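*Asks:* Here it is, the structure in full.
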Amino acid sequence: MSSSPPPAKRARPDPAFAGPEPTLPSVSDAPVQAQFLTTPAETTTSTAPSSSARSRPGRRQPKAPNQAGRSDTPDGRRRKPRRPLPEAFSPADVLWRDVRDFLGSEYVDGIVASGTGEEWEPPIESLATVEVRVVAFTVSGESLSLYEKDGRKWALVVPFAHPGDLIRAKVFRHDRFVSYGDLVEVLEYNEASRGGEGDRRVNPAGGCRYFGECGGCQLQPMPYAQQLLHKRQTLILAYTRFSALPDAAVPGVLPTIGSPKQWGYRTKITPHFDAPPKHLRKGTGATGKGGKAAAVADGEEEEVMNAVWEPKIGFERKGKPGVMDIEECPIAVPVLNTQLTEERARVRSTIMSYKKGSTILLRSSLPAPDPVPTATAPFDPSTPVPPETEHVAITAHRADVYERVGDLLFTFTAGNFFQNNNSILAPLVAYVREAIFPPAGTAYPAPTHLVDTYCGSGLFGLSLSPAFDRVAGVEISPESIEAAKRNAGMNGLGDKTTWLCGKAEDIFGGLPEAGFEGGKSCVVIDPPRKGCDEPFLEQLIAFKPITIVYVSCNVHTQARDVGWFIRESEKRGGWATEAAESEGVDGAAPVNGSSGGKRWRYVLESLRGFDLFPQTAHVEGVAVLRLVEKGV
């Protein structure tokens, strides 16, 4: 289960933002219409992905470029920036844009330009309890309320409230133009934004008993159809704010595809706990020379101390430090909740042996097949899928996990990445397959080869393989490539697939030798949250595939990458030159890449969200790009 997002970082004023002030939404329009305010197209910003970014999860993300610079004081002197800017495309950056849109760009930019520092001077006192009407949702699913005093407008962000609610909140922190508060109570509920299966006021036996404290879920009380609308709006805002593409270049975002399971879907959770206080561990010998061994030697004393101090085992509290004790998670598959009970008992009986906090890995798996399929005796797709009651819980990071996606069987080690909602993987793969191929009757060529980048254990490459003559998977992780090869062999696809482990700066390097060329290929991209780095996108545009499908767990970095890629293709394919010529710009000349008597570029053909994590604000984005060529 995901923990709460990191606190918003302080940010410098940004004089680059400018534009007309949008109209504040009416509370009567809640919950969906009033969830967001759209940033005017002319205020969008986008930067090229950092060339220093690495291409795998778990590595440090590149630092954001300085968007704000310095602001001038009224007497014309340069003011030294007082606070750092949020990292671009981070949750803090997204929240800043929510706040700016909410208060109105003209109002915010006017105060920033004045150089008085008023944006850092909250009209609300710390620890004050205020009564406000919620007006909107942030992208992350928290409530936005307007606080006005002496002609000043200020935003208040409070979790677990919905547009239209009248709430009482206690302020605990301030930032630029915004304060953060804890929800004290809801004085009036807006029933139009509630009543879903997770609303325990309406369905006392449903939902999660920890909602309102646990930071993992944000949207549980909302009807599921409204959750999907919220996620569609998140995708719209991501491209409005971060792609820097004109409105005409961004197609209307298609309705979000919902998850077949809205509860009991998560196949992996990672509850954690803190170590006992040092003064308690001293009594057991756990901090002495022998460490854990010393504690075990004095087992009777340790058993007594284990009973004295009970750890809290679960997830982070929203807005508060420390771990929240959680006995079950209703969005996790049943077998994980059963195993969680056993793991909680195990940890509590041995807690004095831990010198520091730790995380429990719980991952759902099919029973291991007997015998395990091989290249010579591959998996039979007609094999019945075992019922959920026969699934097992894996707790060892290096143990094998087995999952079924459509007609294929996948295996990977429990500690490695694999999508955590199995119920939506088959619809996701089917959509990607359909999106790859051009509509019947169009002049676009159909690809015959597939390149699966960031391929992991081969989910997209293997699942899409029946539609292609050849499939290649590329990665920089040797372990992932070995897992993909194993899955290919296990499903009888070893002869049809090629798996290449390369360096980040030459990730496409082995494709030509393997018989893959852009003119007959589709490329699927499924990067980590930080998105693609510039070297990867440079290689992708040089490869020049027919079609690109970009699947992303962070629609904000996806919008940045797609925007950069489309603009670069217009420059290199001569399309920008043609536009300049049509406008009578002197000196217009072909650019590199517009050879062979054709101009070319990529167009964004479609955008759609998939709900891999119901009850949360997260949305997965799928963008389809098509190569367009034009004779000259």
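Ligands are numbered from 1 in the order shown, chains are lettered A, B, ... in the order of the structure tokens, and residues start at 1 in each chain.
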Which residues are close to region 126-140 of chain A, i.e. within 7 Å by only C-alpha atoms, leaving aside same-chain residues fewer than 6 positions away? Reply as an MDAnalysis selection string.
*Replies:* chainID A and resid 27 34:36 95 98 162:173 234 617
*Asks:* If DSSP is run on the backbone, what residues of region 93-259 of chain A are strand (DSSP E)? A reply as number ranges by chain would be ideal.
*Replies:* A: 129-137, 143-149, 152-158, 166-175, 178-188, 254-257
*Asks:* Considering only C-alpha atoms, return as a list in words whatever protein or nucleic-acid residues lie within 8 Å of region 508-520 of chain A, sequence-local ones (same chain, fewer than 4 positions apart) excluded.
*Replies:*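 Contacts, in chain order: Ala446, Pro447, Thr448, His449, Ala472, Val474, Thr498, Leu500, Gly502, Gln539, Leu540, Phe543, Lys544, Pro545 and Ile546 of chain A.
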*Asks:* Output N, CA, C and O atoms for every residue in that selection, as a PDB file, in the first residue's frame.
*Replies:*
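Done, and the output landed in selection19.pdb:
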```pdb
ATOM      1  N   ALA A 446       1.191  -0.578 -40.915  1.00  0.00           N
ATOM      2  CA  ALA A 446       1.076  -1.375 -39.692  1.00  0.00           C
ATOM      3  C   ALA A 446       2.447  -1.950 -39.342  1.00  0.00           C
ATOM      4  O   ALA A 446       3.119  -2.522 -40.194  1.00  0.00           O
ATOM      5  N   PRO A 447       2.881  -1.818 -38.096  1.00  0.00           N
ATOM      6  CA  PRO A 447       4.185  -2.366 -37.715  1.00  0.00           C
ATOM      7  C   PRO A 447       4.168  -3.889 -37.685  1.00  0.00           C
ATOM      8  O   PRO A 447       3.146  -4.511 -37.379  1.00  0.00           O
ATOM      9  N   THR A 448       5.295  -4.481 -37.999  1.00  0.00           N
ATOM     10  CA  THR A 448       5.449  -5.940 -37.944  1.00  0.00           C
ATOM     11  C   THR A 448       6.383  -6.371 -36.819  1.00  0.00           C
ATOM     12  O   THR A 448       6.442  -7.545 -36.485  1.00  0.00           O
ATOM     13  N   HIS A 449       7.126  -5.410 -36.245  1.00  0.00           N
ATOM     14  CA  HIS A 449       8.070  -5.691 -35.174  1.00  0.00           C
ATOM     15  C   HIS A 449       7.727  -4.837 -33.951  1.00  0.00           C
ATOM     16  O   HIS A 449       7.261  -3.707 -34.089  1.00  0.00           O
ATOM     17  N   ALA A 472      11.406  -7.588 -29.542  1.00  0.00           N
ATOM     18  CA  ALA A 472      12.660  -7.371 -28.816  1.00  0.00           C
ATOM     19  C   ALA A 472      12.359  -6.629 -27.524  1.00  0.00           C
ATOM     20  O   ALA A 472      11.538  -5.702 -27.508  1.00  0.00           O
ATOM     21  N   VAL A 474      14.297  -4.470 -24.415  1.00  0.00           N
ATOM     22  CA  VAL A 474      15.571  -3.832 -24.079  1.00  0.00           C
ATOM     23  C   VAL A 474      15.508  -3.305 -22.656  1.00  0.00           C
ATOM     24  O   VAL A 474      14.485  -2.803 -22.200  1.00  0.00           O
ATOM     25  N   THR A 498      13.718 -11.520 -28.749  1.00  0.00           N
ATOM     26  CA  THR A 498      15.129 -11.194 -28.515  1.00  0.00           C
ATOM     27  C   THR A 498      15.186 -10.252 -27.321  1.00  0.00           C
ATOM     28  O   THR A 498      14.410  -9.299 -27.239  1.00  0.00           O
ATOM     29  N   LEU A 500      17.682  -7.794 -25.049  1.00  0.00           N
ATOM     30  CA  LEU A 500      18.965  -7.099 -25.124  1.00  0.00           C
ATOM     31  C   LEU A 500      19.202  -6.283 -23.859  1.00  0.00           C
ATOM     32  O   LEU A 500      18.374  -5.454 -23.478  1.00  0.00           O
ATOM     33  N   GLY A 502      21.530  -3.480 -22.460  1.00  0.00           N
ATOM     34  CA  GLY A 502      22.482  -2.512 -22.980  1.00  0.00           C
ATOM     35  C   GLY A 502      22.747  -1.386 -22.016  1.00  0.00           C
ATOM     36  O   GLY A 502      22.134  -1.291 -20.943  1.00  0.00           O
ATOM     37  N   GLN A 539      17.643   8.769 -28.620  1.00  0.00           N
ATOM     38  CA  GLN A 539      17.794   7.507 -29.346  1.00  0.00           C
ATOM     39  C   GLN A 539      16.469   7.059 -29.960  1.00  0.00           C
ATOM     40  O   GLN A 539      16.431   6.516 -31.063  1.00  0.00           O
ATOM     41  N   LEU A 540      15.379   7.309 -29.250  1.00  0.00           N
ATOM     42  CA  LEU A 540      14.059   6.925 -29.753  1.00  0.00           C
ATOM     43  C   LEU A 540      13.716   7.703 -31.023  1.00  0.00           C
ATOM     44  O   LEU A 540      13.228   7.124 -32.003  1.00  0.00           O
ATOM     45  N   PHE A 543      15.677   6.393 -33.883  1.00  0.00           N
ATOM     46  CA  PHE A 543      15.181   5.086 -34.336  1.00  0.00           C
ATOM     47  C   PHE A 543      13.974   5.258 -35.258  1.00  0.00           C
ATOM     48  O   PHE A 543      13.759   4.478 -36.177  1.00  0.00           O
ATOM     49  N   LYS A 544      13.161   6.288 -34.987  1.00  0.00           N
ATOM     50  CA  LYS A 544      12.029   6.684 -35.836  1.00  0.00           C
ATOM     51  C   LYS A 544      11.043   5.523 -36.079  1.00  0.00           C
ATOM     52  O   LYS A 544      10.782   5.137 -37.220  1.00  0.00           O
ATOM     53  N   PRO A 545      10.431   5.028 -35.013  1.00  0.00           N
ATOM     54  CA  PRO A 545       9.448   3.949 -35.191  1.00  0.00           C
ATOM     55  C   PRO A 545       8.142   4.458 -35.794  1.00  0.00           C
ATOM     56  O   PRO A 545       7.846   5.657 -35.770  1.00  0.00           O
ATOM     57  N   ILE A 546       7.353   3.526 -36.317  1.00  0.00           N
ATOM     58  CA  ILE A 546       6.058   3.871 -36.912  1.00  0.00           C
ATOM     59  C   ILE A 546       5.089   4.369 -35.836  1.00  0.00           C
ATOM     60  O   ILE A 546       4.361   5.338 -36.027  1.00  0.00           O
TER      61      ILE A 546
END
```
*Asks:* Point out the residue among A:Ser358, A:Ser353, A:Gln233, A:Ser259 with the least atom-to-atom distance to Ile424 (chain A), counting only C-alpha atoms.
*Replies:* A:Ser259
*Asks:* May I ask which of the residues A:Thr442, A:Ala430, A:Leu336, A:Ala244 is the closest one to Asp561 (chain A), counting only C-alpha atoms?
*Replies:*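 Smallest separation from Asp561 (chain A) among the options: A:Ala244.
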*Asks:* What's the 9 Å shell around Cys329 (chain A), counting only C-alpha atoms, without same-chain residues fewer than 6 positions away, as a ChimeraX atom specification?
*Replies:* /A:1,208,210,264,269,336-337
*Asks:* Would you mind exporting the chosen residues as a PDB file, in the first residue's frame, restricted to all heavy atoms?
*Replies:*
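What follows is the written file result_29.pdb:
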```pdb
ATOM      1  N   MET A   1       0.848  -1.189   0.000  1.00  0.00           N
ATOM      2  CA  MET A   1       0.000   0.000   0.000  1.00  0.00           C
ATOM      3  C   MET A   1       0.873   1.225   0.000  1.00  0.00           C
ATOM      4  O   MET A   1       1.855   1.301   0.735  1.00  0.00           O
ATOM      5  CB  MET A   1      -0.877  -0.049   1.249  1.00  0.00           C
ATOM      6  CG  MET A   1      -1.921   1.029   1.330  1.00  0.00           C
ATOM      7  SD  MET A   1      -3.008   0.668   2.713  1.00  0.00           S
ATOM      8  CE  MET A   1      -4.111   2.015   2.528  1.00  0.00           C
ATOM      9  N   CYS A 208     -12.913   0.998   4.421  1.00  0.00           N
ATOM     10  CA  CYS A 208     -11.775   0.720   5.302  1.00  0.00           C
ATOM     11  C   CYS A 208     -11.968   1.442   6.626  1.00  0.00           C
ATOM     12  O   CYS A 208     -12.234   2.652   6.656  1.00  0.00           O
ATOM     13  CB  CYS A 208     -10.487   1.197   4.630  1.00  0.00           C
ATOM     14  SG  CYS A 208      -9.015   0.995   5.649  1.00  0.00           S
ATOM     15  N   TYR A 210      -9.794   2.299   8.595  1.00  0.00           N
ATOM     16  CA  TYR A 210      -8.674   3.202   8.879  1.00  0.00           C
ATOM     17  C   TYR A 210      -8.716   4.461   8.014  1.00  0.00           C
ATOM     18  O   TYR A 210      -7.850   5.325   8.170  1.00  0.00           O
ATOM     19  CB  TYR A 210      -7.350   2.473   8.655  1.00  0.00           C
ATOM     20  CG  TYR A 210      -7.212   1.211   9.474  1.00  0.00           C
ATOM     21  CD1 TYR A 210      -7.284  -0.042   8.869  1.00  0.00           C
ATOM     22  CD2 TYR A 210      -7.028   1.266  10.844  1.00  0.00           C
ATOM     23  CE1 TYR A 210      -7.166  -1.201   9.610  1.00  0.00           C
ATOM     24  CE2 TYR A 210      -6.912   0.106  11.600  1.00  0.00           C
ATOM     25  CZ  TYR A 210      -6.987  -1.132  10.978  1.00  0.00           C
ATOM     26  OH  TYR A 210      -6.869  -2.274  11.718  1.00  0.00           O
ATOM     27  N   GLY A 264      -9.887  -5.435  -2.796  1.00  0.00           N
ATOM     28  CA  GLY A 264      -9.224  -6.736  -2.805  1.00  0.00           C
ATOM     29  C   GLY A 264      -8.452  -6.993  -4.076  1.00  0.00           C
ATOM     30  O   GLY A 264      -8.437  -8.112  -4.589  1.00  0.00           O
ATOM     31  N   ILE A 269       1.728  -5.690  -0.816  1.00  0.00           N
ATOM     32  CA  ILE A 269       1.723  -4.626   0.185  1.00  0.00           C
ATOM     33  C   ILE A 269       3.004  -4.743   1.000  1.00  0.00           C
ATOM     34  O   ILE A 269       3.609  -5.813   1.100  1.00  0.00           O
ATOM     35  CB  ILE A 269       0.486  -4.672   1.115  1.00  0.00           C
ATOM     36  CG1 ILE A 269       0.395  -6.010   1.843  1.00  0.00           C
ATOM     37  CG2 ILE A 269      -0.791  -4.387   0.341  1.00  0.00           C
ATOM     38  CD1 ILE A 269      -0.715  -6.053   2.901  1.00  0.00           C
ATOM     39  N   LEU A 336      -3.199 -11.926   1.288  1.00  0.00           N
ATOM     40  CA  LEU A 336      -2.219 -11.066   1.944  1.00  0.00           C
ATOM     41  C   LEU A 336      -2.695 -10.638   3.326  1.00  0.00           C
ATOM     42  O   LEU A 336      -1.888 -10.516   4.260  1.00  0.00           O
ATOM     43  CB  LEU A 336      -1.924  -9.845   1.078  1.00  0.00           C
ATOM     44  CG  LEU A 336      -1.302 -10.121  -0.290  1.00  0.00           C
ATOM     45  CD1 LEU A 336      -0.850  -8.818  -0.941  1.00  0.00           C
ATOM     46  CD2 LEU A 336      -0.125 -11.090  -0.174  1.00  0.00           C
ATOM     47  N   ASN A 337      -3.989 -10.406   3.487  1.00  0.00           N
ATOM     48  CA  ASN A 337      -4.495 -10.057   4.805  1.00  0.00           C
ATOM     49  C   ASN A 337      -4.392 -11.235   5.765  1.00  0.00           C
ATOM     50  O   ASN A 337      -4.113 -11.052   6.954  1.00  0.00           O
ATOM     51  CB  ASN A 337      -5.943  -9.570   4.706  1.00  0.00           C
ATOM     52  CG  ASN A 337      -6.034  -8.133   4.237  1.00  0.00           C
ATOM     53  OD1 ASN A 337      -5.320  -7.270   4.730  1.00  0.00           O
ATOM     54  ND2 ASN A 337      -6.901  -7.876   3.262  1.00  0.00           N
TER      55      ASN A 337
END
```
*Asks:* Would you mind listing what lies within 12 Å of Phe460 (chain A) as a ChimeraX atom specification, with only C-alpha atoms counted and same-chain residues fewer than 2 positions away left out?
*Replies:* /A:405-406,408,410,418-419,425-426,428-433,450-458,462-467,471-474,484,487-488,497,522-526,549-551
*Asks:* Output N, CA and C atoms for every residue in that selection, as a compact mmCIF listing (two decimals), in the first residue's frame.
*Replies:*
```txt
# COMPACT_ATOMS: atom_id res chain seq x y z
N VAL A 405 -1.42 -13.72 -16.77
CA VAL A 405 -1.96 -12.58 -17.49
C VAL A 405 -2.44 -13.10 -18.84
N GLY A 406 -3.76 -13.17 -19.02
CA GLY A 406 -4.31 -13.74 -20.25
C GLY A 406 -3.89 -15.19 -20.41
N LEU A 408 -0.82 -16.23 -20.76
CA LEU A 408 0.59 -16.40 -20.41
C LEU A 408 0.78 -16.56 -18.91
N PHE A 410 3.64 -15.79 -15.98
CA PHE A 410 4.84 -15.01 -15.70
C PHE A 410 5.41 -15.42 -14.35
N PHE A 418 6.55 -5.69 -10.60
CA PHE A 418 5.51 -6.21 -11.48
C PHE A 418 4.24 -5.48 -11.08
N GLN A 419 3.37 -5.18 -12.05
CA GLN A 419 2.17 -4.41 -11.74
C GLN A 419 1.38 -5.08 -10.62
N LEU A 425 -4.67 -6.06 -15.82
CA LEU A 425 -3.56 -6.21 -16.76
C LEU A 425 -4.03 -6.71 -18.13
N ALA A 426 -4.94 -7.66 -18.16
CA ALA A 426 -5.42 -8.16 -19.46
C ALA A 426 -6.14 -7.06 -20.24
N LEU A 428 -5.61 -3.85 -20.00
CA LEU A 428 -4.57 -2.88 -20.36
C LEU A 428 -3.79 -3.36 -21.58
N VAL A 429 -3.38 -4.61 -21.57
CA VAL A 429 -2.63 -5.17 -22.70
C VAL A 429 -3.50 -5.17 -23.96
N ALA A 430 -4.78 -5.53 -23.82
CA ALA A 430 -5.68 -5.56 -24.98
C ALA A 430 -5.84 -4.16 -25.58
N TYR A 431 -5.92 -3.15 -24.73
CA TYR A 431 -6.04 -1.78 -25.23
C TYR A 431 -4.78 -1.35 -25.97
N VAL A 432 -3.62 -1.65 -25.40
CA VAL A 432 -2.36 -1.29 -26.05
C VAL A 432 -2.26 -1.97 -27.41
N ARG A 433 -2.64 -3.24 -27.48
CA ARG A 433 -2.58 -3.98 -28.75
C ARG A 433 -3.46 -3.31 -29.80
N LEU A 450 7.98 -5.38 -32.77
CA LEU A 450 7.70 -4.68 -31.53
C LEU A 450 8.98 -4.57 -30.71
N VAL A 451 9.24 -3.37 -30.19
CA VAL A 451 10.36 -3.15 -29.27
C VAL A 451 9.78 -2.73 -27.92
N ASP A 452 10.01 -3.54 -26.90
CA ASP A 452 9.50 -3.30 -25.56
C ASP A 452 10.63 -2.71 -24.72
N THR A 453 10.59 -1.39 -24.48
CA THR A 453 11.64 -0.74 -23.70
C THR A 453 11.24 -0.69 -22.23
N TYR A 454 12.24 -0.60 -21.35
CA TYR A 454 12.00 -0.74 -19.91
C TYR A 454 11.20 -2.04 -19.70
N CYS A 455 11.64 -3.10 -20.34
CA CYS A 455 10.78 -4.29 -20.52
C CYS A 455 10.55 -5.08 -19.25
N GLY A 456 11.39 -4.90 -18.22
CA GLY A 456 11.20 -5.67 -17.00
C GLY A 456 11.21 -7.16 -17.28
N SER A 457 10.22 -7.86 -16.75
CA SER A 457 10.15 -9.30 -16.96
C SER A 457 9.37 -9.68 -18.21
N GLY A 458 9.05 -8.67 -19.08
CA GLY A 458 8.49 -8.97 -20.39
C GLY A 458 7.00 -8.91 -20.52
N LEU A 462 5.85 -9.94 -24.32
CA LEU A 462 5.32 -11.30 -24.47
C LEU A 462 3.81 -11.29 -24.71
N SER A 463 3.10 -10.43 -23.98
CA SER A 463 1.64 -10.40 -24.13
C SER A 463 1.21 -9.93 -25.52
N LEU A 464 2.01 -9.04 -26.13
CA LEU A 464 1.67 -8.51 -27.45
C LEU A 464 2.28 -9.33 -28.60
N SER A 465 3.09 -10.31 -28.28
CA SER A 465 3.85 -11.03 -29.31
C SER A 465 3.00 -11.69 -30.38
N PRO A 466 1.78 -12.20 -30.09
CA PRO A 466 1.00 -12.83 -31.17
C PRO A 466 0.69 -11.89 -32.34
N ALA A 467 0.73 -10.57 -32.11
CA ALA A 467 0.38 -9.62 -33.16
C ALA A 467 1.58 -9.21 -34.02
N VAL A 471 9.72 -9.77 -31.73
CA VAL A 471 9.64 -8.92 -30.54
C VAL A 471 11.02 -8.82 -29.92
N ALA A 472 11.41 -7.59 -29.54
CA ALA A 472 12.66 -7.37 -28.82
C ALA A 472 12.36 -6.63 -27.52
N GLY A 473 13.01 -7.04 -26.46
CA GLY A 473 12.91 -6.32 -25.20
C GLY A 473 14.27 -5.74 -24.86
N VAL A 474 14.30 -4.47 -24.42
CA VAL A 474 15.57 -3.83 -24.08
C VAL A 474 15.51 -3.30 -22.66
N ALA A 484 12.94 -11.94 -18.21
CA ALA A 484 12.18 -11.90 -19.47
C ALA A 484 12.50 -13.12 -20.32
N ASN A 487 10.68 -16.10 -18.90
CA ASN A 487 9.25 -16.07 -19.20
C ASN A 487 8.98 -16.39 -20.67
N ALA A 488 9.86 -15.92 -21.55
CA ALA A 488 9.70 -16.24 -22.97
C ALA A 488 9.81 -17.74 -23.20
N THR A 497 11.39 -14.07 -29.79
CA THR A 497 11.76 -12.88 -29.02
C THR A 497 13.27 -12.75 -28.88
N CYS A 522 7.01 -0.87 -33.81
CA CYS A 522 6.33 -0.11 -32.77
C CYS A 522 7.19 -0.19 -31.52
N VAL A 523 7.28 0.90 -30.77
CA VAL A 523 8.01 0.91 -29.52
C VAL A 523 7.04 1.16 -28.37
N VAL A 524 7.08 0.28 -27.37
CA VAL A 524 6.31 0.46 -26.14
C VAL A 524 7.26 0.95 -25.06
N ILE A 525 6.86 2.02 -24.36
CA ILE A 525 7.65 2.62 -23.30
C ILE A 525 6.89 2.51 -22.00
N ASP A 526 7.52 1.97 -20.97
CA ASP A 526 6.89 1.86 -19.65
C ASP A 526 7.94 2.18 -18.59
N VAL A 549 3.81 3.70 -28.08
CA VAL A 549 2.81 3.66 -27.01
C VAL A 549 3.55 3.88 -25.69
N TYR A 550 3.22 4.96 -25.01
CA TYR A 550 3.89 5.36 -23.78
C TYR A 550 2.94 5.09 -22.61
N VAL A 551 3.29 4.09 -21.81
CA VAL A 551 2.51 3.74 -20.61
C VAL A 551 3.25 4.32 -19.41
```
*Asks:* Which of these residues is nearest to Ile507 (chain A), using only C-alpha atoms: A:Gly110, A:Pro159, A:Pro527, A:Pro535?
*Replies:*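 Looking at the shortest contact to Ile507 (chain A), the residue is A:Pro535.
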*Asks:* Could you find all residues in region 298-501 of chain A that DSSP calls alpha helix (DSSP H) from the backbone, and write them as JSON, numbers by chain?
*Replies:* {"A": [299, 300, 301, 302, 303, 304, 305, 306, 307, 308, 334, 335, 336, 337, 338, 339, 340, 341, 342, 343, 344, 345, 346, 347, 348, 349, 425, 426, 427, 428, 429, 430, 431, 432, 433, 434, 435, 436, 459, 460, 461, 462, 463, 478, 479, 480, 481, 482, 483, 484, 485, 486, 487, 488, 489, 490]}
*Asks:* Just the residues within 12 Å of region 370-385 of chain A, please, counting only C-alpha atoms, with nothing from its chain fewer than 5 positions along; format it as a list in words.
*Replies:*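 What passes the distance filter is Ser365, Glu390, His391, Asp400, Tyr402, Glu403, Arg404, Val405, Gly406, Asp407, Leu408, Leu409, Phe410, Thr411, Lys485, Arg486, Asn487, Ala488, Gly489, Met490, Asn491, Gly492, Leu493, Gly494 and Asp495 of chain A.
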*Asks:* For CA of Ser143 (chain A) and CA of Val157 (chain A), determine how far apart the two atoms are, in Å to one decimal place.
*Replies:*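 A separation of 5.5 Å between them.
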*Asks:* Grab the CA of Pro334 (chain A) to CA of Gly195 (chain A) distance for me, in Å with one decimal place.
*Replies:*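 Straight-line distance from CA of Pro334 (chain A) to CA of Gly195 (chain A) works out to 24.3 Å.
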*Asks:* Choose the residue, out of A:Gln226, A:Ser569, A:Gln220, A:Gln262, that has the smallest atom-to-atom separation from Ala192 (chain A); count only C-alpha atoms.
*Replies:*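 For Ala192 (chain A), the nearest of the candidates is A:Gln226.
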*Asks:* Need to verify the contact set: Lys268 (chain A), 7 Å, only C-alpha atoms, exclusion of same-chain residues closer than 5 positions in sequence. Can you return it as a ChimeraX atom specification?
*Replies:* /A:362-364,420
*Asks:* Ranking A:Gly215, A:Leu245, A:Thr116, A:Thr350 by minimum distance to Gly314 (chain A) and counting only C-alpha atoms, which one comes first?
*Replies:*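 With only C-alpha atoms as the atom set, the closest residue is A:Gly215.
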